[in-house]
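Have a look at the structure below, then the notes.
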Amino acid sequence: MGVGWQFGEPAPFADSPSWLKLMVDISSLLASILQQEKSWSLGELSRQAVELCGQLLGEGLILFDDRGEVIYQNEIANELNLYRQFREGTDINKLLQNRKETELLLNNSLPVRFRPFYYGRDYLGGAVFTRRERREVKTGAFEPREQAGLPKVICKNPKLVKAISIARQVALTDSTILLRGESGTRKEMFARIIHENSPRKKGPFIAINCAAIPENLLESELFGYEEGSFTGARRGGKPGKIELAHRGTLFLDEIGDMPPALQAKLLRVLQEKKIERVGGTRPVPIDVRIIAATHRNLEEMIATGQFREDLFYRLSVIPIYIPPLRERPEDIELLLYYYAKKYCILLNKEFKTFTYDALQLLKTYPWPGNIRELENTVEYIVTVDDKEEIGVESLPLPIRRFYPPRSSSERKNMHTGRVSREELAELLERFGYSTEGKRELARYLGISLATLYRWLKKYKL
């Protein structure tokens, strides 16, 4: 059963990833509630729980029933181990029995609140949720800390499991880390995992993509600038990303695209732990843990003079390789169903399954865009396809075109017209019954569209 909702006015952040994450949380919460066979009013508990969710963007949430049993917790609560901290940090039985709204501080660092839910005088249950206020970095200007729940790591692949294990171990240190992997492998996710498991987790996590900012602006974005340093400079100046990451983590994505002049300046920051703003004359001490990432071959860039060798060794104290999706075939089915569930909830659709042929094709497809491409593919399928079972004909054309070629003898049989009815029916199912699908099938077989239509007529397909 799908779960729907309606709001009086569109939310101001309705297009943001955080808003979509909130919708997943609300839908998952409602689905969890509706599965409970309880005597209390499900409708009223749903209303109060959704109202609370709307106030808790980016916060961890645990929902209890009237007997004190956990019936739901969101992804952020899982990442924070909130239930364990809650049990260890308070007398949980006494708190649930008192049934009064209470403020708590877990481990002397994590503020949480318990809120009871009532229907008239009947106690329905309660919620424990974090209250991590937005922090400000006092560096001459005030910037809010980014609030983001950690993405869920879904994997069975030994290479990725090892990479995650290394990431969690080195998180406890201050060593500089270089994440290496193709585009779309979610390197920023790893950087966030490291930050959230480090002693710096209370500090800011600041990310900057070195390839996305023009060269003439990148220096001021990284190092900041003083008032009057250039035309259009803000009065009072502006701190850069490095300065804003003080006592936290700075994530330098696509470090291989950093211009050589800035490479030298970054090297000096790593060596001296100080920065100078553009137009500034005094050094500013900084305490920052740097995590860099790239999809480029830095060793080749060093050989051609495009990247500084000394900076490379400063950055790659702890190198972590994130394997591409084509090297993780055992994870593809897990990811497909994870994202199918996510987008079915978001789009208020029935949950979908994949046919055997569709799964085989998706497992053999090389996924050049990695997890990003896979997620986009699933979103496309769930959005445009109304079938409960996803077959090959529902897949995007580029994936259908990739269908692995058969042996040379089989292809020869096809070209000479010795194709059985069963083989042609299977291929038609894979490529689709539309005109475009038949055109692609004819191209795959190396025959004209007219010939394909003659075969279909012959076999009455």
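Letters for chains follow the order of the structure tokens (A, B, ...), residue numbers begin at 1 for each chain, and ligand numbers begin at 1 in the order shown.
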Once DSSP has gone over the backbone, tell me which residues of region 202-286 of chain A are in alpha helix (DSSP H), as a count of residues only.
-> 26
Need to verify the contact set: region 112-114 of chain A, 9 Å, only C-alpha atoms, exclusion of same-chain residues closer than 2 positions in sequence. Can you return it as a PDB file with C-alpha atoms, in the first residue's frame?
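And here's result37.pdb as it stands now:
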ATOM      1  CA  PHE A  86      19.696   6.326  24.889  1.00  0.00           C
ATOM      2  CA  LEU A  95      11.410   7.840  31.450  1.00  0.00           C
ATOM      3  CA  LEU A  96       8.848   5.897  29.418  1.00  0.00           C
ATOM      4  CA  ARG A  99       5.345   9.843  29.994  1.00  0.00           C
ATOM      5  CA  LYS A 100       6.404  13.490  30.249  1.00  0.00           C
ATOM      6  CA  GLU A 101       8.348  15.591  27.745  1.00  0.00           C
ATOM      7  CA  THR A 102      11.973  15.539  28.905  1.00  0.00           C
ATOM      8  CA  GLU A 103      15.274  17.052  27.723  1.00  0.00           C
ATOM      9  CA  LEU A 104      18.394  14.866  28.026  1.00  0.00           C
ATOM     10  CA  LEU A 105      22.104  15.064  27.245  1.00  0.00           C
ATOM     11  CA  LEU A 106      23.578  11.735  26.156  1.00  0.00           C
ATOM     12  CA  LEU A 110      24.307  14.717  22.270  1.00  0.00           C
ATOM     13  CA  PRO A 116       4.981  11.514  24.518  1.00  0.00           C
ATOM     14  CA  GLY A 126       6.559   8.382  22.402  1.00  0.00           C
ATOM     15  CA  ALA A 127       9.508   9.573  20.377  1.00  0.00           C
ATOM     16  CA  VAL A 128      13.151  10.220  21.174  1.00  0.00           C
ATOM     17  CA  PHE A 129      14.858  12.600  18.783  1.00  0.00           C
ATOM     18  CA  THR A 130      18.142  14.491  18.591  1.00  0.00           C
ATOM     19  CA  ARG A 131      18.334  18.263  18.880  1.00  0.00           C
ATOM     20  CA  ARG A 132      21.627  19.011  17.142  1.00  0.00           C
TER      21      ARG A 132
END
So how many Å separate CA of Asp331 (chain A) and CA of Leu362 (chain A), to one decimal?
->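 Going from CA of Asp331 (chain A) over to CA of Leu362 (chain A), I get 11.3 Å.
Atom pair CA of Leu359 (chain A) / CA of Val392 (chain A) has a distance of 8.4 Å (rounded to one decimal).
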Lys156 (chain A) proximity check over A:Leu461, A:Ile291, A:Ile332, A:Leu218, using only C-alpha atoms: winner is A:Ile332
Pick out each residue of region 234-436 of chain A that DSSP on the backbone tags as strand (DSSP E or B); I need them as a list in words.
-> Lys238, Pro239, Gly248, Thr249, Leu250, Phe251, Leu252, Asp253, Lys274, Ile275, Val278, Val284, Pro285, Val288, Arg289, Ile290, Ile291, Ala292, Ala293, Thr294, Ile318, Pro319, Ile320, Tyr321, Thr353, Phe354, Glu389 and Ile390 of chain A
For the selection just defined, write its residues with C-alpha atoms to a file, as a PDB file, in the first residue's frame.
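Now in part_37.pdb:
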ATOM      1  CA  LYS A 238      35.081  36.494   3.877  1.00  0.00           C
ATOM      2  CA  PRO A 239      36.605  33.329   5.351  1.00  0.00           C
ATOM      3  CA  GLY A 248      36.510  19.889  11.580  1.00  0.00           C
ATOM      4  CA  THR A 249      37.091  18.202   8.221  1.00  0.00           C
ATOM      5  CA  LEU A 250      37.744  19.713   4.792  1.00  0.00           C
ATOM      6  CA  PHE A 251      36.824  17.509   1.835  1.00  0.00           C
ATOM      7  CA  LEU A 252      38.639  18.438  -1.381  1.00  0.00           C
ATOM      8  CA  ASP A 253      36.811  16.636  -4.171  1.00  0.00           C
ATOM      9  CA  LYS A 274      48.343  28.300   8.614  1.00  0.00           C
ATOM     10  CA  ILE A 275      46.619  30.173   5.817  1.00  0.00           C
ATOM     11  CA  VAL A 278      43.679  36.730  -0.535  1.00  0.00           C
ATOM     12  CA  VAL A 284      45.665  32.575  10.379  1.00  0.00           C
ATOM     13  CA  PRO A 285      46.287  29.341  12.349  1.00  0.00           C
ATOM     14  CA  VAL A 288      41.768  21.043   9.904  1.00  0.00           C
ATOM     15  CA  ARG A 289      41.709  17.408   8.871  1.00  0.00           C
ATOM     16  CA  ILE A 290      41.945  17.143   5.080  1.00  0.00           C
ATOM     17  CA  ILE A 291      40.390  14.375   2.997  1.00  0.00           C
ATOM     18  CA  ALA A 292      40.999  14.598  -0.749  1.00  0.00           C
ATOM     19  CA  ALA A 293      39.429  12.597  -3.559  1.00  0.00           C
ATOM     20  CA  THR A 294      40.042  12.100  -7.258  1.00  0.00           C
ATOM     21  CA  ILE A 318      46.257   6.935   3.881  1.00  0.00           C
ATOM     22  CA  PRO A 319      45.073   5.979   0.381  1.00  0.00           C
ATOM     23  CA  ILE A 320      41.672   4.260   0.127  1.00  0.00           C
ATOM     24  CA  TYR A 321      40.513   2.715  -3.139  1.00  0.00           C
ATOM     25  CA  THR A 353      10.345  -6.458  -8.379  1.00  0.00           C
ATOM     26  CA  PHE A 354      12.670  -7.305 -11.277  1.00  0.00           C
ATOM     27  CA  GLU A 389       7.396  -6.392 -12.258  1.00  0.00           C
ATOM     28  CA  ILE A 390      10.220  -4.665 -14.113  1.00  0.00           C
TER      29      ILE A 390
END
Considering only C-alpha atoms, return as a CSV table (one decimal) with C-alpha atoms, in the first residue's frame whatever protein or nucleic-acid residues lie within 12 Å of Leu217 (chain A), sequence-local ones (same chain, fewer than 5 positions apart) excluded.
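Here's the written file around31.csv:
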chain,number,residue,atom,x,y,z
A,210,CYS,CA,37.9,21.8,-7.2
A,211,ALA,CA,36.6,21.0,-10.7
A,212,ALA,CA,33.3,22.9,-10.3
A,222,LEU,CA,39.5,28.0,-0.5
A,223,PHE,CA,41.5,30.7,1.3
A,224,GLY,CA,39.0,33.5,1.8
A,225,TYR,CA,39.8,37.2,1.2
A,230,PHE,CA,39.6,42.8,-5.4
A,233,ALA,CA,35.0,41.9,-2.4
A,240,GLY,CA,37.4,30.6,2.9
A,258,MET,CA,43.3,21.9,-8.8
A,259,PRO,CA,45.5,24.4,-10.7
A,262,LEU,CA,47.0,26.5,-5.8
A,278,VAL,CA,43.7,36.7,-0.5
Find the residues around Leu267 (chain A) up to 10 Å (only C-alpha atoms counted), leave out those fewer than 6 positions away in its own chain, and share them as a PDB file with all heavy atoms, in the first residue's frame.
ATOM      1  N   LYS A 273      50.182  24.528   8.732  1.00  0.00           N
ATOM      2  CA  LYS A 273      48.920  24.633   9.462  1.00  0.00           C
ATOM      3  C   LYS A 273      48.474  26.094   9.621  1.00  0.00           C
ATOM      4  O   LYS A 273      47.876  26.477  10.629  1.00  0.00           O
ATOM      5  CB  LYS A 273      49.032  23.981  10.848  1.00  0.00           C
ATOM      6  CG  LYS A 273      49.513  22.548  10.837  1.00  0.00           C
ATOM      7  CD  LYS A 273      48.524  21.646  10.129  1.00  0.00           C
ATOM      8  CE  LYS A 273      48.987  20.184  10.164  1.00  0.00           C
ATOM      9  NZ  LYS A 273      48.099  19.287   9.402  1.00  0.00           N
ATOM     10  N   ARG A 308      51.805  18.116  -8.486  1.00  0.00           N
ATOM     11  CA  ARG A 308      53.028  18.169  -7.690  1.00  0.00           C
ATOM     12  C   ARG A 308      53.238  16.849  -6.949  1.00  0.00           C
ATOM     13  O   ARG A 308      52.350  16.354  -6.260  1.00  0.00           O
ATOM     14  CB  ARG A 308      52.961  19.301  -6.676  1.00  0.00           C
ATOM     15  CG  ARG A 308      52.953  20.698  -7.285  1.00  0.00           C
ATOM     16  CD  ARG A 308      52.941  21.723  -6.176  1.00  0.00           C
ATOM     17  NE  ARG A 308      54.149  21.658  -5.368  1.00  0.00           N
ATOM     18  CZ  ARG A 308      55.148  22.538  -5.418  1.00  0.00           C
ATOM     19  NH1 ARG A 308      55.078  23.566  -6.265  1.00  0.00           N
ATOM     20  NH2 ARG A 308      56.201  22.412  -4.645  1.00  0.00           N
ATOM     21  N   ASP A 310      55.311  16.341  -4.388  1.00  0.00           N
ATOM     22  CA  ASP A 310      55.362  16.536  -2.940  1.00  0.00           C
ATOM     23  C   ASP A 310      53.963  16.665  -2.343  1.00  0.00           C
ATOM     24  O   ASP A 310      53.690  16.172  -1.245  1.00  0.00           O
ATOM     25  CB  ASP A 310      56.217  17.762  -2.575  1.00  0.00           C
ATOM     26  CG  ASP A 310      55.906  18.986  -3.425  1.00  0.00           C
ATOM     27  OD1 ASP A 310      54.972  18.941  -4.245  1.00  0.00           O
ATOM     28  OD2 ASP A 310      56.619  20.008  -3.281  1.00  0.00           O
ATOM     29  N   LEU A 311      53.042  17.302  -3.069  1.00  0.00           N
ATOM     30  CA  LEU A 311      51.667  17.401  -2.591  1.00  0.00           C
ATOM     31  C   LEU A 311      50.999  16.031  -2.596  1.00  0.00           C
ATOM     32  O   LEU A 311      50.247  15.689  -1.672  1.00  0.00           O
ATOM     33  CB  LEU A 311      50.866  18.374  -3.455  1.00  0.00           C
ATOM     34  CG  LEU A 311      49.387  18.536  -3.097  1.00  0.00           C
ATOM     35  CD1 LEU A 311      49.222  19.026  -1.669  1.00  0.00           C
ATOM     36  CD2 LEU A 311      48.690  19.481  -4.072  1.00  0.00           C
ATOM     37  N   PHE A 312      51.300  15.236  -3.609  1.00  0.00           N
ATOM     38  CA  PHE A 312      50.731  13.888  -3.688  1.00  0.00           C
ATOM     39  C   PHE A 312      51.078  13.079  -2.449  1.00  0.00           C
ATOM     40  O   PHE A 312      50.206  12.430  -1.849  1.00  0.00           O
ATOM     41  CB  PHE A 312      51.242  13.181  -4.946  1.00  0.00           C
ATOM     42  CG  PHE A 312      50.873  11.729  -5.019  1.00  0.00           C
ATOM     43  CD1 PHE A 312      49.591  11.339  -5.366  1.00  0.00           C
ATOM     44  CD2 PHE A 312      51.813  10.754  -4.728  1.00  0.00           C
ATOM     45  CE1 PHE A 312      49.238   9.994  -5.421  1.00  0.00           C
ATOM     46  CE2 PHE A 312      51.478   9.412  -4.789  1.00  0.00           C
ATOM     47  CZ  PHE A 312      50.191   9.028  -5.139  1.00  0.00           C
ATOM     48  N   ARG A 314      51.939  14.210   0.456  1.00  0.00           N
ATOM     49  CA  ARG A 314      51.307  14.815   1.626  1.00  0.00           C
ATOM     50  C   ARG A 314      49.848  14.396   1.751  1.00  0.00           C
ATOM     51  O   ARG A 314      49.330  14.196   2.853  1.00  0.00           O
ATOM     52  CB  ARG A 314      51.386  16.343   1.535  1.00  0.00           C
ATOM     53  CG  ARG A 314      52.725  16.921   1.940  1.00  0.00           C
ATOM     54  CD  ARG A 314      52.833  16.999   3.447  1.00  0.00           C
ATOM     55  NE  ARG A 314      54.086  17.628   3.866  1.00  0.00           N
ATOM     56  CZ  ARG A 314      54.400  17.864   5.127  1.00  0.00           C
ATOM     57  NH1 ARG A 314      53.558  17.517   6.086  1.00  0.00           N
ATOM     58  NH2 ARG A 314      55.541  18.434   5.440  1.00  0.00           N
ATOM     59  N   LEU A 315      49.166  14.262   0.605  1.00  0.00           N
ATOM     60  CA  LEU A 315      47.750  13.934   0.612  1.00  0.00           C
ATOM     61  C   LEU A 315      47.477  12.448   0.785  1.00  0.00           C
ATOM     62  O   LEU A 315      46.468  12.063   1.387  1.00  0.00           O
ATOM     63  CB  LEU A 315      47.086  14.413  -0.690  1.00  0.00           C
ATOM     64  CG  LEU A 315      46.982  15.919  -0.906  1.00  0.00           C
ATOM     65  CD1 LEU A 315      46.467  16.214  -2.304  1.00  0.00           C
ATOM     66  CD2 LEU A 315      46.075  16.561   0.143  1.00  0.00           C
TER      67      LEU A 315
END
Please measure the separation of CA of Gln73 (chain A) and CA of Arg115 (chain A), giving the value in Å to one decimal.
-> 14.6 Å
Can you list, as an MDAnalysis selection string, every protein, DNA or RNA residue that comes within 9 Å of region 159-165 of chain A when you count only C-alpha atoms, leaving out same-chain residues fewer than 5 positions away?
-> chainID A and resid 153 170 190 193 320:323 327:328
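Considering the residues A:Arg372, A:Lys438, A:Lys457, A:Arg326 and counting only C-alpha atoms, Gly184 (chain A) has its shortest atom-to-atom contact with A:Arg372.
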Of the candidates A:Thr435, A:Pro283, A:Lys352, A:Leu172, which one gets nearest to Val269 (chain A) if we count only C-alpha atoms?
->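 Among the listed residues, A:Pro283 lies closest to Val269 (chain A).
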Excluding same-chain residues fewer than 6 positions from Lys363 (chain A), what lies within 12 Å of it counting only C-alpha atoms, as a PDB file with C-alpha atoms, in the first residue's frame?
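File result.pdb, as written:
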ATOM      1  CA  LEU A 325      30.255  -0.959  -9.465  1.00  0.00           C
ATOM      2  CA  ARG A 326      31.321  -3.323 -12.266  1.00  0.00           C
ATOM      3  CA  GLU A 327      33.740  -4.909  -9.756  1.00  0.00           C
ATOM      4  CA  ARG A 328      30.882  -5.382  -7.265  1.00  0.00           C
ATOM      5  CA  PRO A 329      28.406  -7.682  -9.065  1.00  0.00           C
ATOM      6  CA  GLU A 330      27.171  -9.143  -5.780  1.00  0.00           C
ATOM      7  CA  ASP A 331      26.014  -5.676  -4.666  1.00  0.00           C
ATOM      8  CA  ILE A 332      24.002  -4.738  -7.762  1.00  0.00           C
ATOM      9  CA  GLU A 333      20.813  -6.581  -6.832  1.00  0.00           C
ATOM     10  CA  LEU A 334      20.939  -5.182  -3.278  1.00  0.00           C
ATOM     11  CA  LEU A 335      21.295  -1.647  -4.630  1.00  0.00           C
ATOM     12  CA  LEU A 336      18.553  -2.104  -7.218  1.00  0.00           C
ATOM     13  CA  PHE A 354      12.670  -7.305 -11.277  1.00  0.00           C
ATOM     14  CA  TYR A 356      15.131 -12.734 -13.873  1.00  0.00           C
ATOM     15  CA  ASP A 357      16.156 -11.514 -17.360  1.00  0.00           C
ATOM     16  CA  LEU A 374      22.249   2.975 -11.148  1.00  0.00           C
ATOM     17  CA  ILE A 399      21.172  -0.651 -21.142  1.00  0.00           C
ATOM     18  CA  PHE A 402      24.330  -3.449 -24.171  1.00  0.00           C
ATOM     19  CA  TYR A 403      22.807  -6.913 -23.977  1.00  0.00           C
ATOM     20  CA  PRO A 404      25.820  -9.298 -24.156  1.00  0.00           C
TER      21      PRO A 404
END
For Leu456 (chain A), list every protein, DNA or RNA residue within 12 Å, evaluated using only C-alpha atoms, and leave out those in the same chain fewer than 6 positions away; present the list as a ChimeraX atom specification.
-> /A:417,419-425,427-428,433,438,441-442,449-450
Please produce a file of those selected residues containing N, CA, C and O atoms, as an mmCIF file, in the first residue's frame.
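After the write, out_28.cif holds the following:
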data_model
loop_
_atom_site.group_PDB
_atom_site.id
_atom_site.type_symbol
_atom_site.label_atom_id
_atom_site.label_comp_id
_atom_site.auth_asym_id
_atom_site.auth_seq_id
_atom_site.Cartn_x
_atom_site.Cartn_y
_atom_site.Cartn_z
ATOM 1 N N GLY A 417 18.979 -16.424 -40.836
ATOM 2 C CA GLY A 417 17.545 -16.679 -40.696
ATOM 3 C C GLY A 417 17.204 -17.914 -39.908
ATOM 4 O O GLY A 417 16.030 -18.253 -39.776
ATOM 5 N N VAL A 419 16.678 -18.785 -36.881
ATOM 6 C CA VAL A 419 16.357 -18.354 -35.519
ATOM 7 C C VAL A 419 15.049 -19.009 -35.125
ATOM 8 O O VAL A 419 14.062 -18.924 -35.860
ATOM 9 N N SER A 420 15.058 -19.693 -34.000
ATOM 10 C CA SER A 420 13.851 -20.378 -33.565
ATOM 11 C C SER A 420 12.822 -19.376 -33.061
ATOM 12 O O SER A 420 13.145 -18.226 -32.746
ATOM 13 N N ARG A 421 11.588 -19.821 -32.995
ATOM 14 C CA ARG A 421 10.522 -18.960 -32.491
ATOM 15 C C ARG A 421 10.793 -18.565 -31.038
ATOM 16 O O ARG A 421 10.556 -17.421 -30.636
ATOM 17 N N GLU A 422 11.301 -19.532 -30.251
ATOM 18 C CA GLU A 422 11.580 -19.253 -28.848
ATOM 19 C C GLU A 422 12.672 -18.196 -28.701
ATOM 20 O O GLU A 422 12.577 -17.290 -27.857
ATOM 21 N N GLU A 423 13.730 -18.302 -29.521
ATOM 22 C CA GLU A 423 14.820 -17.329 -29.452
ATOM 23 C C GLU A 423 14.330 -15.936 -29.832
ATOM 24 O O GLU A 423 14.672 -14.936 -29.170
ATOM 25 N N LEU A 424 13.519 -15.867 -30.889
ATOM 26 C CA LEU A 424 13.032 -14.563 -31.331
ATOM 27 C C LEU A 424 12.074 -13.967 -30.298
ATOM 28 O O LEU A 424 12.106 -12.755 -30.033
ATOM 29 N N ALA A 425 11.248 -14.805 -29.679
ATOM 30 C CA ALA A 425 10.330 -14.317 -28.652
ATOM 31 C C ALA A 425 11.100 -13.786 -27.445
ATOM 32 O O ALA A 425 10.746 -12.753 -26.856
ATOM 33 N N LEU A 427 14.201 -12.551 -27.475
ATOM 34 C CA LEU A 427 14.839 -11.289 -27.861
ATOM 35 C C LEU A 427 13.813 -10.157 -27.921
ATOM 36 O O LEU A 427 14.103 -9.016 -27.522
ATOM 37 N N LEU A 428 12.636 -10.463 -28.424
ATOM 38 C CA LEU A 428 11.595 -9.443 -28.507
ATOM 39 C C LEU A 428 11.207 -8.969 -27.103
ATOM 40 O O LEU A 428 10.967 -7.782 -26.877
ATOM 41 N N TYR A 433 8.469 -4.346 -27.358
ATOM 42 C CA TYR A 433 7.537 -4.512 -28.473
ATOM 43 C C TYR A 433 7.277 -3.213 -29.220
ATOM 44 O O TYR A 433 6.568 -3.206 -30.212
ATOM 45 N N LYS A 438 11.914 -2.751 -31.615
ATOM 46 C CA LYS A 438 12.099 -3.651 -32.764
ATOM 47 C C LYS A 438 13.227 -3.161 -33.661
ATOM 48 O O LYS A 438 13.980 -3.959 -34.239
ATOM 49 N N LEU A 441 16.336 -4.248 -32.043
ATOM 50 C CA LEU A 441 16.501 -5.691 -32.195
ATOM 51 C C LEU A 441 17.003 -6.027 -33.591
ATOM 52 O O LEU A 441 17.893 -6.876 -33.758
ATOM 53 N N ALA A 442 16.467 -5.371 -34.589
ATOM 54 C CA ALA A 442 16.932 -5.609 -35.955
ATOM 55 C C ALA A 442 18.404 -5.241 -36.095
ATOM 56 O O ALA A 442 19.185 -5.971 -36.735
ATOM 57 N N LEU A 449 14.751 -3.830 -40.705
ATOM 58 C CA LEU A 449 13.502 -3.849 -39.951
ATOM 59 C C LEU A 449 12.429 -4.623 -40.710
ATOM 60 O O LEU A 449 11.622 -5.344 -40.106
ATOM 61 N N ALA A 450 12.451 -4.497 -42.044
ATOM 62 C CA ALA A 450 11.464 -5.220 -42.854
ATOM 63 C C ALA A 450 11.638 -6.734 -42.698
ATOM 64 O O ALA A 450 10.658 -7.483 -42.600
#
